[in-house]
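Q: For reference, this is entry_8.csv, and it has CSV, C-alpha atoms and all ligand atoms.
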chain,number,residue,atom,x,y,z
A,22,MET,CA,2.7,39.6,-4.4
A,23,LYS,CA,0.2,39.8,-7.3
A,24,LEU,CA,-1.9,36.8,-7.8
A,25,ILE,CA,-4.5,36.1,-10.5
A,26,THR,CA,-7.3,33.7,-9.7
A,27,ILE,CA,-9.0,32.1,-12.7
A,28,ILE,CA,-12.5,30.7,-12.1
A,29,GLY,CA,-15.4,30.0,-14.4
A,30,ALA,CA,-17.6,27.1,-13.2
A,31,ARG,CA,-19.8,26.5,-10.2
A,32,PRO,CA,-17.5,24.3,-8.1
A,33,GLN,CA,-14.6,26.7,-8.6
A,34,PHE,CA,-16.6,29.6,-7.1
A,35,ILE,CA,-17.1,27.5,-4.0
A,36,LYS,CA,-13.4,26.6,-3.7
A,37,ALA,CA,-12.4,30.2,-4.5
A,38,ALA,CA,-14.8,31.5,-1.8
A,39,ALA,CA,-12.7,29.7,0.8
A,40,VAL,CA,-9.3,30.7,-0.5
A,41,SER,CA,-10.2,34.3,-1.3
A,42,ARG,CA,-11.5,34.7,2.2
A,43,GLU,CA,-8.0,33.7,3.4
A,44,ILE,CA,-6.2,35.8,0.9
A,45,ALA,CA,-8.1,38.9,2.2
A,46,LYS,CA,-6.4,38.5,5.5
A,47,HIS,CA,-3.0,39.1,3.9
A,48,LYS,CA,-2.6,42.7,2.9
A,49,GLU,CA,0.6,42.0,1.0
A,50,ILE,CA,-1.3,39.8,-1.5
A,51,ASN,CA,-3.1,41.6,-4.3
A,52,GLU,CA,-5.7,39.2,-5.7
A,53,ILE,CA,-7.2,39.9,-9.2
A,54,ILE,CA,-10.0,37.6,-10.2
A,55,ILE,CA,-10.7,36.6,-13.8
A,56,HIS,CA,-14.2,34.9,-14.3
A,57,THR,CA,-14.0,33.2,-17.7
A,58,GLY,CA,-17.8,33.3,-18.0
A,59,GLN,CA,-18.1,29.5,-18.5
A,60,HIS,CA,-21.1,29.4,-16.1
A,61,PHE,CA,-23.3,32.5,-16.6
A,62,ASP,CA,-26.9,31.9,-15.4
A,63,ALA,CA,-27.6,33.9,-12.3
A,64,ASN,CA,-28.1,30.8,-10.2
A,65,MET,CA,-25.0,29.1,-11.6
A,66,SER,CA,-22.7,32.1,-11.1
A,67,GLU,CA,-23.7,35.4,-9.5
A,68,ILE,CA,-25.5,33.8,-6.6
A,69,PHE,CA,-22.3,32.3,-5.3
A,70,PHE,CA,-20.5,35.7,-5.5
A,71,THR,CA,-23.3,37.4,-3.5
A,72,GLN,CA,-24.0,34.6,-1.0
A,73,MET,CA,-20.4,33.6,-0.3
A,74,GLN,CA,-19.1,37.2,-0.5
A,75,ILE,CA,-16.5,36.3,-3.1
A,76,PRO,CA,-14.9,39.6,-4.4
A,77,LYS,CA,-16.4,40.8,-7.6
A,78,PRO,CA,-14.3,39.6,-10.6
A,79,ASP,CA,-12.0,42.2,-12.0
A,80,TYR,CA,-12.5,40.7,-15.5
A,81,ASN,CA,-15.4,38.8,-16.9
A,82,LEU,CA,-14.6,37.2,-20.2
A,83,ALA,CA,-18.1,36.0,-20.9
A,84,ILE,CA,-16.9,32.9,-22.9
A,85,ASN,CA,-19.3,30.0,-22.7
A,86,SER,CA,-21.6,27.5,-24.6
A,87,LEU,CA,-18.9,26.6,-27.1
A,88,SER,CA,-17.3,23.3,-28.1
A,89,HIS,CA,-14.3,22.2,-26.0
A,90,GLY,CA,-11.7,23.5,-28.5
A,91,ALA,CA,-13.5,26.8,-29.2
A,92,MET,CA,-14.2,27.4,-25.5
A,93,THR,CA,-10.6,26.6,-24.3
A,94,GLY,CA,-9.0,28.5,-27.2
A,95,ARG,CA,-11.1,31.6,-26.8
A,96,MET,CA,-10.4,31.6,-23.0
A,97,MET,CA,-6.7,31.3,-23.5
A,98,GLU,CA,-6.6,34.2,-26.0
A,99,GLU,CA,-8.5,36.5,-23.6
A,100,ILE,CA,-6.7,35.3,-20.4
A,101,GLU,CA,-3.3,35.9,-22.1
A,102,LYS,CA,-4.3,39.6,-22.8
A,103,VAL,CA,-5.1,40.1,-19.1
A,104,LEU,CA,-1.9,38.4,-18.0
A,105,LEU,CA,0.2,40.5,-20.3
A,106,LEU,CA,-1.4,43.6,-18.8
A,107,GLU,CA,-1.4,42.7,-15.2
A,108,LYS,CA,2.0,40.8,-15.0
A,109,PRO,CA,1.1,38.6,-12.0
A,110,ASP,CA,3.6,36.6,-9.9
A,111,TRP,CA,1.2,33.7,-9.7
A,112,VAL,CA,-1.8,32.3,-11.4
A,113,LEU,CA,-4.1,30.2,-9.2
A,114,VAL,CA,-6.4,27.6,-10.9
A,115,TYR,CA,-8.9,25.2,-9.4
A,116,GLY,CA,-10.0,21.7,-10.3
A,117,ASP,CA,-10.4,20.3,-13.8
A,118,THR,CA,-12.7,22.4,-16.0
A,119,ASN,CA,-12.0,24.0,-19.4
A,120,SER,CA,-11.4,27.3,-17.5
A,121,THR,CA,-8.6,25.5,-15.5
A,122,ILE,CA,-6.6,24.3,-18.5
A,123,ALA,CA,-7.1,27.5,-20.4
A,124,GLY,CA,-5.8,29.5,-17.4
A,125,SER,CA,-2.8,27.3,-16.6
A,126,LEU,CA,-1.7,27.0,-20.2
A,127,ALA,CA,-2.0,30.7,-21.0
A,128,ALA,CA,0.1,31.5,-17.8
A,129,LYS,CA,2.7,28.8,-18.4
A,130,LYS,CA,3.4,30.0,-21.9
A,131,LEU,CA,4.1,33.4,-20.5
A,132,HIS,CA,6.5,31.9,-17.9
A,133,ILE,CA,4.1,32.9,-15.1
A,134,LYS,CA,4.1,30.5,-12.1
A,135,VAL,CA,1.0,28.3,-11.8
A,136,ALA,CA,-0.5,27.0,-8.6
A,137,HIS,CA,-3.1,24.2,-9.0
A,138,VAL,CA,-5.6,23.6,-6.2
A,139,GLU,CA,-7.1,20.1,-6.3
A,140,ALA,CA,-4.1,18.6,-8.0
A,141,GLY,CA,-3.3,14.9,-8.3
A,142,LEU,CA,-6.9,13.6,-8.7
A,143,ARG,CA,-7.4,10.9,-11.2
A,144,SER,CA,-10.4,8.9,-12.5
A,145,PHE,CA,-8.2,6.9,-15.0
A,146,ASN,CA,-10.9,7.5,-17.6
A,147,MET,CA,-9.3,9.5,-20.4
A,148,ASN,CA,-12.7,9.9,-22.1
A,149,MET,CA,-13.7,12.4,-19.4
A,150,PRO,CA,-12.8,16.0,-20.4
A,151,GLU,CA,-11.9,16.7,-16.8
A,152,GLU,CA,-9.3,13.9,-16.7
A,153,VAL,CA,-7.5,15.5,-19.7
A,154,ASN,CA,-7.7,19.0,-18.1
A,155,ARG,CA,-6.4,17.9,-14.7
A,156,ILE,CA,-3.5,15.8,-16.0
A,157,LEU,CA,-2.3,18.6,-18.3
A,158,THR,CA,-2.7,21.3,-15.7
A,159,ASP,CA,-0.8,19.2,-13.1
A,160,ARG,CA,2.1,18.7,-15.5
A,161,ILE,CA,2.6,22.4,-16.1
A,162,SER,CA,1.9,23.7,-12.5
A,163,ASP,CA,4.8,24.9,-10.3
A,164,ILE,CA,3.0,24.0,-7.1
A,165,LEU,CA,0.5,21.2,-6.7
A,166,PHE,CA,-2.0,21.5,-3.8
A,167,CYS,CA,-3.3,18.0,-3.3
A,168,PRO,CA,-6.5,17.5,-1.2
A,169,THR,CA,-5.7,13.9,-0.2
A,170,GLN,CA,-2.8,11.4,0.2
A,171,THR,CA,-4.3,9.4,-2.7
A,172,ALA,CA,-3.8,12.5,-4.9
A,173,VAL,CA,-0.1,12.8,-3.7
A,174,ASP,CA,0.4,9.1,-4.4
A,175,ASN,CA,-1.1,9.4,-7.9
A,176,LEU,CA,1.4,12.1,-8.8
A,177,LYS,CA,4.3,10.0,-7.4
A,178,LYS,CA,3.3,7.1,-9.5
A,179,GLU,CA,3.4,9.4,-12.5
A,180,GLY,CA,7.0,10.3,-11.8
A,181,TYR,CA,6.5,13.7,-10.3
A,182,GLU,CA,9.4,13.1,-7.9
A,183,ASN,CA,11.6,13.7,-11.0
A,184,ILE,CA,9.7,16.8,-12.1
A,185,GLU,CA,10.6,20.3,-10.8
A,186,SER,CA,7.3,21.1,-9.1
A,187,LYS,CA,6.4,21.2,-5.4
A,188,ILE,CA,3.7,18.8,-4.1
A,189,VAL,CA,1.8,19.8,-0.9
A,190,ASN,CA,-1.0,17.8,0.8
A,191,CYS,CA,-3.0,20.7,2.2
A,192,GLY,CA,-6.4,19.0,2.6
A,193,ASP,CA,-9.5,19.9,0.8
A,194,VAL,CA,-10.6,23.6,0.4
A,195,MET,CA,-14.2,22.3,0.0
A,196,LEU,CA,-14.1,21.3,3.6
A,197,ASP,CA,-13.1,24.8,4.6
A,198,ALA,CA,-16.1,26.1,2.6
A,199,ALA,CA,-18.5,23.5,4.1
A,200,LEU,CA,-17.4,24.3,7.7
A,201,PHE,CA,-17.6,28.1,7.2
A,202,TYR,CA,-20.9,28.3,5.3
A,203,ALA,CA,-22.7,25.5,7.2
A,204,LYS,CA,-23.9,27.9,9.9
A,205,MET,CA,-25.5,30.2,7.2
A,206,SER,CA,-27.5,27.6,5.5
A,207,GLN,CA,-30.8,28.7,4.0
A,208,LYS,CA,-34.0,26.8,3.2
A,209,PRO,CA,-34.6,26.8,-0.6
A,210,GLN,CA,-37.8,28.6,-1.8
A,211,VAL,CA,-39.5,25.3,-2.6
A,212,GLU,CA,-41.8,22.9,-0.7
A,213,LEU,CA,-39.6,20.1,0.7
A,214,PRO,CA,-40.8,16.6,1.7
A,215,GLU,CA,-40.1,15.7,5.3
A,216,LYS,CA,-37.6,13.0,4.3
A,217,PHE,CA,-35.8,13.1,1.0
A,218,ILE,CA,-32.8,12.1,-1.1
A,219,LEU,CA,-30.7,14.9,-2.6
A,220,SER,CA,-29.7,14.2,-6.2
A,221,THR,CA,-27.8,16.0,-9.0
A,222,VAL,CA,-26.9,14.8,-12.5
A,223,HIS,CA,-24.8,16.8,-14.9
A,224,ARG,CA,-21.6,14.8,-15.9
A,225,ALA,CA,-21.1,14.7,-19.7
A,226,GLU,CA,-20.7,10.9,-19.7
A,227,ASN,CA,-24.3,10.6,-18.4
A,228,THR,CA,-26.0,13.5,-20.1
A,229,ASP,CA,-24.4,12.8,-23.5
A,230,ASP,CA,-25.4,9.1,-23.6
A,231,PRO,CA,-29.2,8.8,-23.8
A,232,LYS,CA,-29.1,5.2,-22.6
A,233,ARG,CA,-27.3,6.2,-19.4
A,234,LEU,CA,-29.4,9.2,-18.8
A,235,ILE,CA,-32.7,7.3,-19.3
A,236,ALA,CA,-31.5,4.5,-17.0
A,237,ILE,CA,-30.6,7.1,-14.3
A,238,PHE,CA,-34.0,8.8,-14.5
A,239,GLU,CA,-35.9,5.5,-14.5
A,240,ALA,CA,-34.0,4.5,-11.4
A,241,LEU,CA,-34.7,7.8,-9.7
A,242,ALA,CA,-38.4,7.6,-10.5
A,243,GLU,CA,-38.5,4.1,-9.0
A,244,ILE,CA,-36.6,5.1,-5.8
A,245,ALA,CA,-38.7,8.2,-5.4
A,246,LYS,CA,-41.7,6.0,-4.8
A,247,ASP,CA,-40.0,4.8,-1.6
A,248,THR,CA,-38.2,8.0,-0.6
A,249,PRO,CA,-38.9,11.3,-2.3
A,250,ILE,CA,-36.0,12.8,-4.3
A,251,VAL,CA,-35.1,16.5,-4.6
A,252,LEU,CA,-33.1,17.2,-7.7
A,253,PRO,CA,-31.6,20.7,-8.4
A,254,LEU,CA,-31.0,20.3,-12.2
A,255,HIS,CA,-28.0,21.6,-14.0
A,256,PRO,CA,-29.0,23.6,-17.2
A,257,ARG,CA,-27.0,21.1,-19.3
A,258,THR,CA,-29.1,18.2,-18.2
A,259,ARG,CA,-32.3,20.3,-18.4
A,260,LYS,CA,-31.6,21.0,-22.1
A,261,ILE,CA,-30.9,17.4,-23.0
A,262,ILE,CA,-33.9,16.1,-21.1
A,263,ASN,CA,-36.1,18.5,-23.0
A,264,ASN,CA,-34.5,17.5,-26.4
A,265,LEU,CA,-34.9,13.8,-25.6
A,266,LYS,CA,-38.5,14.6,-24.5
A,267,LEU,CA,-37.6,12.4,-21.5
A,268,LYS,CA,-40.4,12.3,-18.9
A,269,SER,CA,-38.5,13.5,-15.9
A,270,GLY,CA,-41.0,14.7,-13.3
A,271,SER,CA,-42.9,11.9,-11.5
A,272,ASN,CA,-44.5,11.1,-8.2
A,273,GLY,CA,-41.9,11.8,-5.5
A,274,LEU,CA,-39.3,13.2,-7.9
A,275,THR,CA,-39.1,17.0,-7.5
A,276,ILE,CA,-37.0,18.7,-10.0
A,277,ILE,CA,-36.0,22.3,-9.1
A,278,GLU,CA,-33.7,25.0,-10.6
A,279,PRO,CA,-30.0,25.0,-9.5
A,280,VAL,CA,-29.7,26.5,-6.0
A,281,GLY,CA,-27.1,28.6,-4.3
A,282,TYR,CA,-24.5,27.1,-1.9
A,283,LEU,CA,-26.3,28.1,1.2
A,284,GLU,CA,-29.5,26.3,0.0
A,285,MET,CA,-27.4,23.3,-1.0
A,286,VAL,CA,-25.9,23.1,2.5
A,287,TYR,CA,-29.5,23.2,3.9
A,288,LEU,CA,-30.4,20.3,1.6
A,289,LEU,CA,-27.3,18.4,2.5
A,290,LYS,CA,-28.0,18.8,6.3
A,291,LYS,CA,-31.7,17.6,5.9
A,292,CYS,CA,-31.4,14.8,3.3
A,293,GLU,CA,-31.3,11.1,4.1
A,294,MET,CA,-28.9,10.2,1.3
A,295,VAL,CA,-27.1,11.7,-1.8
A,296,MET,CA,-27.3,10.3,-5.3
A,297,THR,CA,-25.1,12.1,-7.7
A,298,ASP,CA,-22.5,12.2,-10.5
A,299,SER,CA,-20.9,15.4,-9.1
A,300,GLY,CA,-17.4,15.3,-7.7
A,301,GLY,CA,-17.9,18.0,-5.1
A,302,LEU,CA,-21.2,16.6,-3.9
A,303,GLN,CA,-19.7,13.2,-3.1
A,304,LYS,CA,-17.4,14.9,-0.6
A,305,GLU,CA,-20.1,17.2,0.8
A,306,ALA,CA,-22.3,14.1,1.5
A,307,PHE,CA,-19.4,12.8,3.7
A,308,PHE,CA,-18.9,16.2,5.3
A,309,PHE,CA,-22.6,16.2,6.4
A,310,ALA,CA,-22.5,12.5,7.3
A,311,LYS,CA,-24.8,11.3,4.5
A,312,PRO,CA,-24.3,8.1,2.5
A,313,CYS,CA,-23.8,8.6,-1.2
A,314,LEU,CA,-24.5,6.6,-4.3
A,315,THR,CA,-22.2,7.8,-7.2
A,316,MET,CA,-23.9,7.4,-10.6
A,317,ARG,CA,-20.6,7.1,-12.4
A,318,ASP,CA,-18.3,4.1,-13.3
A,319,GLU,CA,-15.4,5.4,-11.2
A,320,THR,CA,-14.6,8.2,-8.7
A,321,GLU,CA,-11.5,10.3,-7.9
A,322,TRP,CA,-12.6,10.2,-4.2
A,323,VAL,CA,-11.6,6.6,-3.7
A,324,GLU,CA,-11.2,6.9,0.1
A,325,LEU,CA,-15.0,7.4,0.4
A,326,VAL,CA,-15.7,4.1,-1.3
A,327,GLN,CA,-12.9,2.3,0.6
A,328,ASN,CA,-14.5,3.5,3.9
A,329,GLY,CA,-18.0,2.4,2.9
A,330,PHE,CA,-19.5,6.0,2.7
A,331,ASN,CA,-20.0,5.9,-1.0
A,332,LYS,CA,-21.0,3.2,-3.5
A,333,ILE,CA,-20.2,3.4,-7.2
A,334,VAL,CA,-23.4,2.4,-9.1
A,335,GLY,CA,-22.7,3.5,-12.6
A,336,ALA,CA,-25.8,4.2,-14.8
A,337,ASP,CA,-27.2,0.7,-14.4
A,338,LYS,CA,-30.9,1.0,-13.4
A,339,GLU,CA,-31.1,-2.2,-11.4
A,340,LYS,CA,-27.7,-1.6,-9.6
A,341,ILE,CA,-28.8,1.9,-8.6
A,342,ILE,CA,-32.1,0.6,-7.2
A,343,SER,CA,-30.6,-2.3,-5.3
A,344,SER,CA,-27.7,-0.2,-4.0
A,345,TYR,CA,-30.2,2.3,-2.7
A,346,GLY,CA,-31.9,-0.5,-0.8
A,347,GLU,CA,-28.6,-1.7,0.7
A,348,MET,CA,-27.3,1.8,1.6
A,349,LYS,CA,-30.6,2.6,3.3
A,350,GLN,CA,-30.2,-0.3,5.7
A,351,MET,CA,-26.6,0.6,6.7
A,352,ASP,CA,-25.7,2.4,9.9
A,353,ILE,CA,-22.5,4.3,9.0
A,354,ASP,CA,-20.0,5.9,11.4
A,355,PHE,CA,-18.7,9.0,9.5
A,356,ASN,CA,-16.2,9.9,12.3
A,357,VAL,CA,-13.0,9.8,10.3
A,358,GLU,CA,-10.9,12.6,8.9
A,359,LEU,CA,-10.2,12.1,5.2
A,360,TYR,CA,-9.8,15.6,3.8
A,361,GLY,CA,-7.7,17.4,6.3
A,362,HIS,CA,-8.7,19.7,9.1
A,363,GLY,CA,-10.6,22.5,7.3
A,364,ASN,CA,-7.5,24.8,7.0
A,365,ALA,CA,-6.5,24.0,3.5
A,366,SER,CA,-6.8,27.6,2.4
A,367,GLU,CA,-4.5,28.8,5.1
A,368,LYS,CA,-1.9,26.2,4.1
A,369,ILE,CA,-2.1,27.2,0.5
A,370,ILE,CA,-1.5,30.9,1.2
A,371,GLU,CA,1.4,30.0,3.6
A,372,HIS,CA,3.1,28.1,0.9
A,373,LEU,CA,2.5,30.7,-1.8
A,374,LYS,CA,4.0,33.4,0.4
A,375,ARG,CA,7.1,31.3,1.1
A,376,LEU,CA,7.9,30.7,-2.6
B,1,LIG,C1,-18.5,22.1,-16.4
B,1,LIG,C2,-17.2,21.2,-16.2
B,1,LIG,C3,-17.5,20.1,-15.3
B,1,LIG,C4,-18.0,20.5,-14.0
B,1,LIG,C5,-19.3,21.4,-14.2
B,1,LIG,C6,-19.7,22.0,-12.9
B,1,LIG,C7,-15.8,21.3,-18.2
B,1,LIG,C8,-15.3,20.4,-19.4
B,1,LIG,N1,-16.7,20.7,-17.5
B,1,LIG,O1,-19.4,21.2,-17.0
B,1,LIG,O2,-16.2,19.4,-15.0
B,1,LIG,O3,-18.4,19.4,-13.2
B,1,LIG,O4,-18.9,22.5,-15.1
B,1,LIG,O5,-21.0,22.3,-12.9
B,1,LIG,O6,-15.3,22.3,-18.0
B,1,LIG,N2,-25.1,26.3,-19.2
B,1,LIG,C9,-26.1,27.1,-19.1
B,1,LIG,N3,-26.0,28.0,-18.0
B,1,LIG,C10,-24.9,28.1,-17.2
B,1,LIG,C11,-23.9,27.1,-17.4
B,1,LIG,C12,-24.0,26.2,-18.4
B,1,LIG,O7,-27.1,27.2,-19.8
B,1,LIG,O8,-24.8,28.9,-16.3
B,1,LIG,C13,-25.1,25.3,-20.4
B,1,LIG,C14,-24.1,25.7,-21.4
B,1,LIG,O9,-24.6,26.7,-22.3
B,1,LIG,C15,-23.8,24.4,-22.1
B,1,LIG,C16,-24.0,23.4,-21.0
B,1,LIG,O10,-24.8,24.0,-20.0
B,1,LIG,O11,-24.8,24.2,-23.1
B,1,LIG,C17,-22.7,22.9,-20.5
B,1,LIG,O12,-21.9,23.9,-19.9
B,1,LIG,P1,-20.3,23.8,-19.9
B,1,LIG,O13,-19.7,24.9,-19.1
B,1,LIG,O14,-19.8,23.5,-21.2
B,1,LIG,O15,-20.1,22.4,-19.1
B,1,LIG,P2,-20.7,21.8,-17.8
B,1,LIG,O16,-21.5,20.6,-18.1
B,1,LIG,O17,-21.3,22.9,-16.9
B,2,LIG,N1,-24.1,23.0,-6.0
B,2,LIG,C1,-24.9,24.1,-5.7
B,2,LIG,N2,-26.1,24.2,-6.2
B,2,LIG,C2,-26.6,23.2,-7.0
B,2,LIG,C3,-25.8,22.1,-7.3
B,2,LIG,C4,-24.5,22.0,-6.8
B,2,LIG,O1,-24.4,25.0,-5.0
B,2,LIG,O2,-27.8,23.3,-7.5
B,2,LIG,C5,-22.7,22.9,-5.4
B,2,LIG,C6,-22.4,21.6,-4.7
B,2,LIG,O3,-22.9,21.7,-3.4
B,2,LIG,C7,-20.9,21.6,-4.8
B,2,LIG,C8,-20.6,22.2,-6.1
B,2,LIG,O4,-21.8,22.9,-6.5
B,2,LIG,O5,-20.3,22.4,-3.8
B,2,LIG,C9,-20.4,21.0,-7.1
B,2,LIG,O6,-20.5,21.5,-8.3
B,2,LIG,P1,-20.9,20.6,-9.6
B,2,LIG,O7,-21.6,19.4,-9.1
B,2,LIG,O8,-21.5,21.5,-10.5
B,2,LIG,O9,-19.5,20.2,-10.1
B,2,LIG,P2,-18.4,19.0,-9.8
B,2,LIG,O10,-18.0,19.1,-8.4
B,2,LIG,O11,-19.0,17.8,-10.3
B,2,LIG,O12,-17.3,19.4,-10.7
Re-express the file's structure as structure tokens.
A:
Amino acid sequence: MKLITIIGARPQFIKAAAVSREIAKHKEINEIIIHTGQHFDANMSEIFFTQMQIPKPDYNLAINSLSHGAMTGRMMEEIEKVLLLEKPDWVLVYGDTNSTIAGSLAAKKLHIKVAHVEAGLRSFNMNMPEEVNRILTDRISDILFCPTQTAVDNLKKEGYENIESKIVNCGDVMLDAALFYAKMSQKPQVELPEKFILSTVHRAENTDDPKRLIAIFEALAEIAKDTPIVLPLHPRTRKIINNLKLKSGSNGLTIIEPVGYLEMVYLLKKCEMVMTDSGGLQKEAFFFAKPCLTMRDETEWVELVQNGFNKIVGADKEKIISSYGEMKQMDIDFNVELYGHGNASEKIIEHLKRL
């Protein structure tokens, strides 16, 4: 079987690391990797391939830093050329980025079967580019690998029982990655406070709205006076903060460059709490038994909120600060399985081999 994996952004490298490791055990599967180039800084891309031993991409399309239409369009054009040349049986896409929709759409138009990992997630916020990407990718995929029962239920509510595609609840490939790489964690090359909160901010709805971004950074500065915060900053946010001339560094708030996954796992293990607008990090907080404040107005990972592991705090300065105080007091038992058993990659490959 010939399978083409399409990846381009940081969270996809982490998911693909788990699945490609499983694919390598099956000699009858020939995996070809296309890196769209969406993320391109060494610490946003190459570091994951080296640290996590993801096979070197067979194609790097080097398409990035464009508007949504231009980026997606250019990716489709170049992916199509590779698909015509390689003629794969399957195209495998992850998550909800522009690389995901470009890959799935290019494949489907050529009548190549599409497998979507992380299918069925919904924020119900159509202003998010990710929501558009994931809904459209789900609709044209032949097999939908859902990480949770909530994701399966979302698809059922949208009438997928009447659509000719297969739905599988395989668990979350990010749990596979977290379990495998946890034992290899590495201390980042920065001085760390003894106790700290781990934070990331990169989501467009926060970075592209100065009011939200300023409120978030003001809240972080306030909280950092009580518990120091370590913030590996996405280049998107860095650029916007510089343009806004926003005062970001302050007492207790340590802003560092993005780190590799092994460093991130170290920070997750050591931190007291996570404050983020990242999708992946919300779950990793749970995997490493850390409470999480989500600086968004909604989440796709509703089971974390329902179980009290995660609080939605939006970009409201006062709410962020007061929720931090509340979360800090709580004693949470994380002992529940929400994302499968850490064998999602194995299940994905089993299903693909059967079809
Ligand atoms: C993308 C995804 C988002 C995901 C995030 C993961 C879309 C629509 N969004 O957002 O869902 O959560 O990746 O991190 O696909 N940049 C660099 N260096 C890099 C990467 C990006 O400087 O290595 C800059 C780009 O030039 C651009 C900005 O960051 O100016 C945004 O990059 P882009 O890939 O468009 O979106 P992300 O915000 O990274
Ligand atoms: N991550 C990382 N280094 C960083 C920030 C994040 O390795 O400096 C990892 C994080 O642990 C998670 C993934 O990147 O596994 C999440 O990616 P991101 O937050 O960029 O995207 P999202 O999940 O929101 O789409």
Q: Within 10 Å of A:Leu213, counting all atoms listed in the file, which residues show up once you throw out same-chain ones fewer than 2 positions away? Write them as a ChimeraX atom specification, please.
A: /A:208-211,215-217,249-251,275,288,291
Q: Within 7 Å of ligand LIG 2 (chain B), which residues show up when you count all atoms listed in the file? List them as a PyMOL selection string, please.
A: chain A and resi 31-32+35+221+224+253-255+278-282+285-286+298-302+305
Q: With distances taken over all atoms listed in the file, which residue among A:Glu49, A:Leu274, A:Thr297, A:Ala38 lies nearest ligand LIG 1 (chain B)?
A: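 Checking each candidate against ligand LIG 1 (chain B), we get A:Thr297 as the closest.
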Q: Have a look at A:Ala203, A:Met294, A:Val326, A:Ile122 and name the one nearest to ligand LIG 1 (chain B); count only C-alpha atoms and all ligand atoms.
A: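 Of all the options, A:Ile122 lies closest to ligand LIG 1 (chain B).
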Q: Given the choices A:Leu265, A:Ile353, A:Ile50, A:Leu376, which gets closest to A:Ser186 if the distance is worked out from only C-alpha atoms?
A: A:Leu376
Q: Of the residues A:Ala136, A:Ala39, A:Leu82, A:Met149, which is the one nearest to ligand LIG 1 (chain B), using only C-alpha atoms and all ligand atoms?
A: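 Of all the options, A:Met149 lies closest to ligand LIG 1 (chain B).
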Q: Write as an MDAnalysis selection string the residues around ligand LIG 1 (chain B), taking 8 Å as the cut-off and counting only C-alpha atoms and all ligand atoms.
A: chainID A and resid 30:32 59:66 85:89 117:121 150:151 154 223:225 255:258 260 299:300
Q: Quick one: everything within 8 Å of stretch 172-176 of chain A, counting all atoms listed in the file, minus sequence neighbours fewer than 2 positions away in the same chain. Send it as a ChimeraX atom specification.
A: /A:140-143,167-170,178-181,188-190
Q: From the list A:Arg42, A:Arg95, A:His56, A:His47, which residue is nearest A:Asp79 when using only C-alpha atoms?
A: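 Under the stated criterion, the closest residue is A:His56.
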Q: Distance atom CA of A:Cys313-atom CA of A:Ala199, one decimal place?
A: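 Between these atoms lies a distance of 16.7 Å.
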Q: In Å, how far is it from atom CA of A:Ala242 to atom CA of A:Ile218?
A: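 For atom CA of A:Ala242 relative to atom CA of A:Ile218, the distance reads 11.8 Å.
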Q: Can you work out which one of A:Ile161, A:Leu196, A:Ile261, A:Ile276 has the shortest atom-to-atom distance to A:Glu358, counting only C-alpha atoms?
A: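 Result for the nearest residue to A:Glu358: A:Leu196.
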Q: Could you tell me how far atom CA of A:Glu347 lies from atom CA of A:Met296, in Å and to one decimal?
A: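 Computed distance, atom CA of A:Glu347 to atom CA of A:Met296, equals 13.5 Å.
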